[in-house]
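> Okay, handing you the structure first.
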Amino acid sequence: MTETPHDLVGIGAGPFNLALAALLDGESKLRARFFERKAVFEWHPGMLLPEAKLQTSCLKDLVTAVAPTSPHSFLAYLVAHGRFYQHLAADFASIDRREFADYLRWVAERLPQVSFGQPVREVTLCSEGFRVHLDATSVSARQLSVATGCAPVLPDWAAQLPRERAYHNSEYLLRTLPTDVHRVAVVGGGQSSAEVILDLLGKTHSKLSEILWLSNRTNFAPLDETPFTNELFTPAWVETFHALPENERNHLLALQHLAGDGISPQTLRELYQVLYRRHHFDAQGARAHLLPGRDVFSVEPSGRQFRLFARNRLTGVCEQQHVDALILCTGYRSALPACLAPIAEHIARDSHGRPQVDAHFQARWTGPGTGRLYLQNLSTHNHGIAEPQLSLMAWRAGVIANAVLGEPRFPTTATPELVHWGEPASEQVLRPSANRAVSYK
Ligand SMILES: Cc1cc2nc3c(=O)[nH]c(=O)nc-3n(C[C@H](O)[C@H](O)[C@H](O)COP(=O)(O)OP(=O)(O)OC[C@H]3O[C@@H](n4cnc5c(N)ncnc54)[C@H](O)[C@@H]3O)c2cc1C
């Protein structure tokens with residue numbers, strides 16, 4: 001008996017593929033499966049701190065932007081849990097990440113097409129498109145949606161350090177600092193580092209007495225959450241950005257870095273207030289040393305301690321610190337997952353070797369066959385700073401779902417622009433003509 005190929009297979013069931021699975025739920029004619037390697041749904045468990053806030057509106061959930069009546073919305077979750085009125089009464093400026101993670105888990109567990117404990121080992125080509133190899137079996141698929149997330153990044157100088165005392169923040173809640181740690185260094189200047197510092201400052205019963213916060217940024221810089229910056233997290237901007245030449249896109253990404261990668265103003269304010277109280281009133285608890293503008297370039301084990309060397313960007317002086325442990329908030333990197341290695345040569349690359357991804361999130365394919373490969377969170381260079389964020393996940397899933405279904409089922413057309421990124425909407429375009437000299441000074 002010949003196997004019927006799947007119309008779509010998803011690799012990974014984090015928020016981005018869950019959004020796609022949620023939109024396609026109930027499409028009885030579509031054969032879709034999503035494979036997740038973890039045994040149960042989890043959303044960055046190592047950083048699910050009790051007080052951590054979502055940096056996006058909870059309306060930017062898995063579905064609402066393109067399917068507001070879907071049963072998989074955040075509002076449906078609140079109603080199903082009898083929490084609707086209390087949630088409104090609580091009047092959160094931003095909701096807890098814990099609650100959003102629970103919402104994501106709730107949706108994941110309701111979607112029969114999502115299978116957990118199923119790592120995809122390898123993808124190869126076959127006559128139907130792709131063959132997806134799992135541990136015990138393999139399935140074929142005409143289309144693939146890859147959303148396997150980002151991997152934690154450790155600096156080169158941290159590669160050989162003992163993991164029980166020097167680890168990435170993605171493991172923060174999954175590990176316990178050894179009990180003899182008095183002095184800890186937190187390295188990094190993004191949201192995760194601020195959340196770790198806040199949490200360490202709250203550990204008033206531990207032996208921890210000093211917390212060093214080193215960042216290579218010249219200050220503890222805020223995430224820009226103002227309205228015109230938020231325009232960069234809209235379909236209209238993504239479309240404009242995607243159409244730009246590669247060098248222009250690279251230039252803009254560097255300029256817009258802090259719009260997606262700073263510390264939320266709410267966290268900065270809370271942190272400053274805790275530091276103020278600790279400095280002026282609290283006799284108990286660890287002291288924090290804030291060290292911005294420090295490039296850590298070497299860390300050497302020294303007995304049970306570390307000697308940490310950093311160059312001060314303001315003074316140029318090389319500073320040395322002794323610490324008992326290091327928490328490395330040194331970011332995440334997206335890359336094609338290892339399971340795509342057998343087909344990776346068929347994905348067209350840009351001049352930096354990054355996958356070229358079209359406006360419908362389809363990888364430009366140079367290989368044989370008719371299979372279509374969608375890549376999520378692998379094309380910030382093509383789609384802009386919203387790509388790794390939750391903000392547009394429902395819209396992007398809608399774009400992919402429309403392509404998979406072969407019809408515009410979800411409303412994904414960009415709404416009329418408030419800001420005219422491209423050509424002005426009026427007749428004020430100055431065009432050089434043969435009989436008019438135009439000078440652009
Ligand atoms: C701590 C933290 C907090 C964040 N908070 C926000 C926020 O508040 N707002 C915001 O907009 N963005 C936030 N982000 C950014 C972004 O929203 C998240 O990283 C989001 O989880 C990305 O979703 P994803 O589905 O691409 O990846 P992931 O959530 O990483 O999910 C990918 C999944 O793929 C699975 N997988 C990988 N390889 C395989 C394989 N071979 N086979 C099967 N399964 C596989 C993994 O197990 C994983 O479950 C945050 C990021 C972090 C790290």
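Within each chain, counting starts at residue 1; across the structure tokens, chains are named A, B, ... in the order shown, with ligands numbered 1 upward in that order.
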Can you list, as a PyMOL selection string, every residue of range 39-144 of chain A that DSSP puts in strand (DSSP E or B)?
chain A and resi 53+96+114-115+122-126+129-133+138-144
> With only C-alpha atoms as the counted atoms, please give the residues lying no more than 10 Å from Asp102 in chain A, apart from itself and same-chain residues fewer than 3 positions off, as JSON, numbers by chain.
{"A": [41, 42, 43, 77, 97, 98, 99, 105, 106, 107, 108]}
> Which residues are close to range 348-353 of chain A, i.e. within 8 Å by only C-alpha atoms, leaving aside same-chain residues fewer than 5 positions away? Reply as an mmCIF file with N, CA and C atoms, in the first residue's frame.

data_model
loop_
_atom_site.group_PDB
_atom_site.id
_atom_site.type_symbol
_atom_site.label_atom_id
_atom_site.label_comp_id
_atom_site.auth_asym_id
_atom_site.auth_seq_id
_atom_site.Cartn_x
_atom_site.Cartn_y
_atom_site.Cartn_z
ATOM 1 N N ALA A 363 11.445 29.464 1.546
ATOM 2 C CA ALA A 363 12.867 29.513 1.190
ATOM 3 C C ALA A 363 12.997 29.454 -0.332
ATOM 4 N N ARG A 364 13.909 30.276 -0.877
ATOM 5 C CA ARG A 364 14.168 30.178 -2.323
ATOM 6 C C ARG A 364 14.923 28.880 -2.574
ATOM 7 N N TRP A 365 14.335 28.059 -3.399
ATOM 8 C CA TRP A 365 14.772 26.669 -3.562
ATOM 9 C C TRP A 365 15.510 26.513 -4.874
ATOM 10 N N THR A 366 16.702 25.945 -4.815
ATOM 11 C CA THR A 366 17.472 25.773 -6.050
ATOM 12 C C THR A 366 17.553 24.292 -6.436
#
> Of the candidates A:Gly262, A:Gly82, A:Pro342, A:Gly293, which one gets nearest to Cys318 in chain A if we count only C-alpha atoms?
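With only C-alpha atoms as the atom set, the closest residue is A:Gly293.
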> Between CA of Val357 in chain A and atom 39 (C, counted along the ligand's line) of ligand 1, what is the spacing in Å?
19.8 Å
> Taking 4 positions as the minimum chain separation for residues in the same chain, which residues sit within 9 Å of Thr240 in chain A when counting only C-alpha atoms? Answer as a PyMOL selection string.
chain A and resi 235-236+244+383+421-422
> Go through A:Ala286, A:Val323, A:Leu405, A:Leu20 and flag the residue nearest Ser206 in chain A, using only C-alpha atoms for the distances.
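Of A:Ala286, A:Val323, A:Leu405, A:Leu20, the one nearest Ser206 in chain A, counting only C-alpha atoms, is A:Ala286.
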> Using DSSP assignments from the backbone, pull out every residue in range 41-186 of chain A that falls under alpha helix (DSSP H) and give it to me as a short mmCIF file (atom, residue, chain, number, x, y, z; two decimals) with C-alpha atoms, in the first residue's frame.

data_model
loop_
_atom_site.label_atom_id
_atom_site.label_comp_id
_atom_site.auth_asym_id
_atom_site.auth_seq_id
_atom_site.Cartn_x
_atom_site.Cartn_y
_atom_site.Cartn_z
CA PHE A 74 -5.89 34.28 24.50
CA LEU A 75 -9.39 35.62 25.27
CA ALA A 76 -10.86 32.13 24.69
CA TYR A 77 -8.25 30.80 27.13
CA LEU A 78 -9.28 33.36 29.77
CA VAL A 79 -12.96 32.51 29.35
CA ALA A 80 -12.29 28.74 29.45
CA PHE A 84 -11.95 36.86 32.09
CA TYR A 85 -13.34 39.42 34.59
CA GLN A 86 -10.51 39.02 37.10
CA HIS A 87 -7.92 39.41 34.38
CA LEU A 88 -9.52 42.69 33.33
CA ALA A 89 -9.87 43.85 36.95
CA ALA A 90 -6.18 43.13 37.57
CA ARG A 97 5.01 35.44 30.88
CA ARG A 98 3.87 32.54 33.08
CA GLU A 99 0.26 33.13 32.09
CA PHE A 100 1.11 33.40 28.39
CA ALA A 101 3.14 30.17 28.62
CA ASP A 102 0.14 28.48 30.21
CA TYR A 103 -2.07 29.79 27.37
CA LEU A 104 0.36 28.37 24.80
CA ARG A 105 0.40 25.01 26.62
CA TRP A 106 -3.42 24.98 26.70
CA VAL A 107 -3.60 25.49 22.93
CA ALA A 108 -0.81 22.96 22.26
CA GLU A 109 -2.67 20.28 24.23
CA ARG A 110 -5.91 20.94 22.27
#
> Distance CA of Leu340 in chain A-atom 33 (C, counted along the ligand's line) of ligand 1, one decimal place?
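Taking CA of Leu340 in chain A as the start and atom 33 (C, counted along the ligand's line) of ligand 1 as the end point, the length is 14.6 Å.
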